[in-house]
Amino acid sequence: MSGWVRIAGLGPGAEALVTPEVQAALAEATDVVGYIPYVRRVAPRPDLRLHESDNRVEIDRARHALEMASEGRRVVVVSSGDPGVFAMASAVFEAVEDGPAAWRALEIGVLPGITAMLAAAARAGAPLGHDFCAINLSDNLKPWALIEKRLRLAAEADFAMAFYNPRSKSRPEGFARTLEVLREGCEPSRVIIFARAVSTPDEALRVTTLAEATPEMADMRTAVLVGSSATRVINRPEGAPFVYTPRSVPA
Ligand code: SAH
């Protein structure tokens, strides 16, 4: 039987948010490869080999998946959320580009998942309803100066913004700096949403303003959404408000 690699997104956490396409790929797989907490989300079976690896070895993990597929195995590489958003799909293609020519002939497919910013936005209402951008705040794979430049320009362009990896262990001060940069370019009343562990039992949503936001409101399980200058908050008698960004910007 010929092997394949499917790079699959497991969604933000809840079983109900794993797509049927991803479930079908896992059911056909002989091997699952990925970062430890993501592999642990896959139900074990006697005929399924689970290969857990540390977060820092993405390219090795991708090569391992491609090698196994070349030997005829059916390999699912798992990411949380969507595999194309700050995740394994790019690592697999990087490995293909630099690897043996035979890898280019392999059956390789990307199976989308619900990415954290969309799960978080849905909980809050529709804060990403107009133009927005997504920025990974971890400086593990890029210089901090580039992150700051993109933050400044995103604020200037008046995009709503979604931040992933808001606090990396190697740079705990990064998110404090992010808030400072935003305060230079946005008004204090700008809406900011901290969405933690969306769709898991630990889920917590906090809607606040840039003036009130503090670095401790974010951790590695939090997606942070910043509204544009047009983003609105609808307060309700109880519970979190609805946050939305209108569909149109007046001429
Ligand atoms: N590929 C993933 C992102 C990986 S980066 C995706 O598409 O969602 C990891 C970051 O995603 C975390 O630091 C956090 O910012 C965000 N994240 C992942 N799962 C989340 C969840 N359930 N709730 C909130 N944020 C989440």
# chains A, B, ... in the order shown; residues from 1 in each chain; ligands from 1

$ residues_around --residues "Val76 of chain A" --least-positions-apart "5" --cutoff "12 Å" --atoms "only C-alpha atoms" --output "PyMOL selection string"
chain A and resi 3-10+21-34+38-39+42+48-51+61-62+64-66+68-69+83+88-89+92+107-111

$ residues_around --residues "Pro201 of chain A" --least-positions-apart "5" --cutoff "12 Å" --atoms "only C-alpha atoms" --output "PyMOL selection string"
chain A and resi 12-15+196

$ residues_near_ligand --ligand "ligand 1" --cutoff "8 Å" --atoms "only C-alpha atoms and all ligand atoms" --output "VMD selection string"
chain A and resid 9 11 to 13 79 to 88 113 to 117 119 to 120 136 163 to 167 195 to 200 203 219 to 224

$ select_by_dssp --residues "segment 2-237 of chain A" --states "strand (DSSP E or B)" --output "PDB file with C-alpha atoms, in the first residue's frame"
ATOM      1  CA  TRP A   4       0.929   9.418   2.512  1.00  0.00           C
ATOM      2  CA  VAL A   5       1.320  12.398   4.812  1.00  0.00           C
ATOM      3  CA  ARG A   6      -1.683  14.425   5.961  1.00  0.00           C
ATOM      4  CA  ILE A   7      -0.935  17.541   7.969  1.00  0.00           C
ATOM      5  CA  ALA A   8      -3.999  17.994  10.104  1.00  0.00           C
ATOM      6  CA  GLY A   9      -5.388  20.687  12.389  1.00  0.00           C
ATOM      7  CA  GLY A  11      -8.858  22.704  16.240  1.00  0.00           C
ATOM      8  CA  ASP A  31       1.285   6.771  12.550  1.00  0.00           C
ATOM      9  CA  VAL A  32       0.661  10.110  14.250  1.00  0.00           C
ATOM     10  CA  VAL A  33       3.491  12.590  14.627  1.00  0.00           C
ATOM     11  CA  GLY A  34       3.515  15.845  16.591  1.00  0.00           C
ATOM     12  CA  TYR A  35       4.214  17.931  19.651  1.00  0.00           C
ATOM     13  CA  ARG A  49       1.821   4.315  16.480  1.00  0.00           C
ATOM     14  CA  LEU A  50       2.060   7.643  18.313  1.00  0.00           C
ATOM     15  CA  HIS A  51       5.309   9.594  17.909  1.00  0.00           C
ATOM     16  CA  GLU A  52       5.516  12.442  20.399  1.00  0.00           C
ATOM     17  CA  SER A  53       8.240  15.035  20.120  1.00  0.00           C
ATOM     18  CA  ARG A  74       0.034   6.527   6.444  1.00  0.00           C
ATOM     19  CA  VAL A  75       1.157   9.408   8.585  1.00  0.00           C
ATOM     20  CA  VAL A  76      -0.888  12.203  10.143  1.00  0.00           C
ATOM     21  CA  VAL A  77       1.151  15.161  11.378  1.00  0.00           C
ATOM     22  CA  VAL A  78      -0.950  16.944  13.980  1.00  0.00           C
ATOM     23  CA  SER A  79      -1.052  20.615  14.963  1.00  0.00           C
ATOM     24  CA  GLY A  81      -5.899  24.803  15.452  1.00  0.00           C
ATOM     25  CA  GLU A 107       1.011  12.180  -1.559  1.00  0.00           C
ATOM     26  CA  ILE A 108       0.964  15.119   0.861  1.00  0.00           C
ATOM     27  CA  GLY A 109      -2.178  16.962   1.891  1.00  0.00           C
ATOM     28  CA  VAL A 110      -3.074  19.714   4.347  1.00  0.00           C
ATOM     29  CA  LEU A 111      -6.336  19.290   6.265  1.00  0.00           C
ATOM     30  CA  GLY A 125     -18.957  38.017  18.787  1.00  0.00           C
ATOM     31  CA  ALA A 126     -17.409  39.244  15.528  1.00  0.00           C
ATOM     32  CA  PHE A 132      -7.533  42.080  10.245  1.00  0.00           C
ATOM     33  CA  CYS A 133      -4.061  40.594  10.565  1.00  0.00           C
ATOM     34  CA  ALA A 134      -2.531  37.770  12.606  1.00  0.00           C
ATOM     35  CA  ILE A 135       0.850  38.106  14.314  1.00  0.00           C
ATOM     36  CA  ASN A 136       2.845  35.490  16.177  1.00  0.00           C
ATOM     37  CA  ALA A 160      -7.988  44.497  13.970  1.00  0.00           C
ATOM     38  CA  MET A 161      -5.238  42.132  15.176  1.00  0.00           C
ATOM     39  CA  ALA A 162      -5.006  38.593  16.443  1.00  0.00           C
ATOM     40  CA  PHE A 163      -1.945  37.614  18.474  1.00  0.00           C
ATOM     41  CA  TYR A 164      -0.688  34.074  18.923  1.00  0.00           C
ATOM     42  CA  SER A 168       7.073  33.237  25.191  1.00  0.00           C
ATOM     43  CA  ARG A 171      10.996  36.655  26.507  1.00  0.00           C
ATOM     44  CA  VAL A 191     -11.046  47.030  22.707  1.00  0.00           C
ATOM     45  CA  ILE A 192      -8.802  44.111  23.630  1.00  0.00           C
ATOM     46  CA  ILE A 193      -9.961  40.544  24.213  1.00  0.00           C
ATOM     47  CA  PHE A 194      -8.054  37.861  26.095  1.00  0.00           C
ATOM     48  CA  ALA A 195      -9.418  34.471  25.105  1.00  0.00           C
ATOM     49  CA  ARG A 196      -7.830  31.653  27.088  1.00  0.00           C
ATOM     50  CA  ALA A 204     -11.912  32.106  30.079  1.00  0.00           C
ATOM     51  CA  LEU A 205     -12.819  35.224  28.123  1.00  0.00           C
ATOM     52  CA  ARG A 206     -11.987  38.750  29.233  1.00  0.00           C
ATOM     53  CA  VAL A 207     -13.039  41.859  27.308  1.00  0.00           C
ATOM     54  CA  THR A 208     -11.213  45.021  28.316  1.00  0.00           C
ATOM     55  CA  THR A 209      -9.538  48.133  26.890  1.00  0.00           C
ATOM     56  CA  THR A 222      -4.307  32.785  25.336  1.00  0.00           C
ATOM     57  CA  ALA A 223      -5.197  34.279  21.980  1.00  0.00           C
ATOM     58  CA  VAL A 224      -5.339  38.070  22.155  1.00  0.00           C
ATOM     59  CA  LEU A 225      -7.611  40.009  19.822  1.00  0.00           C
ATOM     60  CA  VAL A 226      -7.308  43.774  19.431  1.00  0.00           C
ATOM     61  CA  ARG A 232     -17.919  48.145  19.086  1.00  0.00           C
ATOM     62  CA  VAL A 233     -18.889  46.660  22.445  1.00  0.00           C
ATOM     63  CA  ILE A 234     -22.518  45.813  23.251  1.00  0.00           C
TER      64      ILE A 234
END

$ select_by_dssp --residues "segment 10-247 of chain A" --states "alpha helix (DSSP H)" --output "PyMOL selection string"
chain A and resi 20-28+36-39+58-70+88-98+116-124+144-156+174-185

$ residues_around --residues "Ala157 of chain A" --least-positions-apart "2" --cutoff "12 Å" --atoms "only C-alpha atoms" --output "MDAnalysis selection string"
chainID A and resid 131:133 150:155 159:161 185:186 228:229

$ closest_residue --among "A:Leu128, A:Asp202, A:Ala218, A:Trp144" --to "Tyr244 of chain A" --atoms "only C-alpha atoms"
A:Leu128

$ residues_around --residues "Asp54 of chain A" --least-positions-apart "2" --cutoff "7 Å" --atoms "only C-alpha atoms" --output "list in words"
Tyr35, Ile36, Arg56 and Val57 of chain A

$ atom_distance --atom1 "atom CA of Pro37 of chain A" --atom2 "atom CA of Arg63 of chain A"
19.8 Å

$ atom_distance --atom1 "atom CA of Glu58 of chain A" --atom2 "atom CA of Glu97 of chain A"
14.6 Å

$ atom_distance --atom1 "atom CA of Ala251 of chain A" --atom2 "atom CA of Gly227 of chain A"
19.4 Å

$ closest_residue --among "A:Asp139, A:Pro100, A:Asp60, A:Phe175" --to "Thr214 of chain A" --atoms "only C-alpha atoms"
A:Phe175
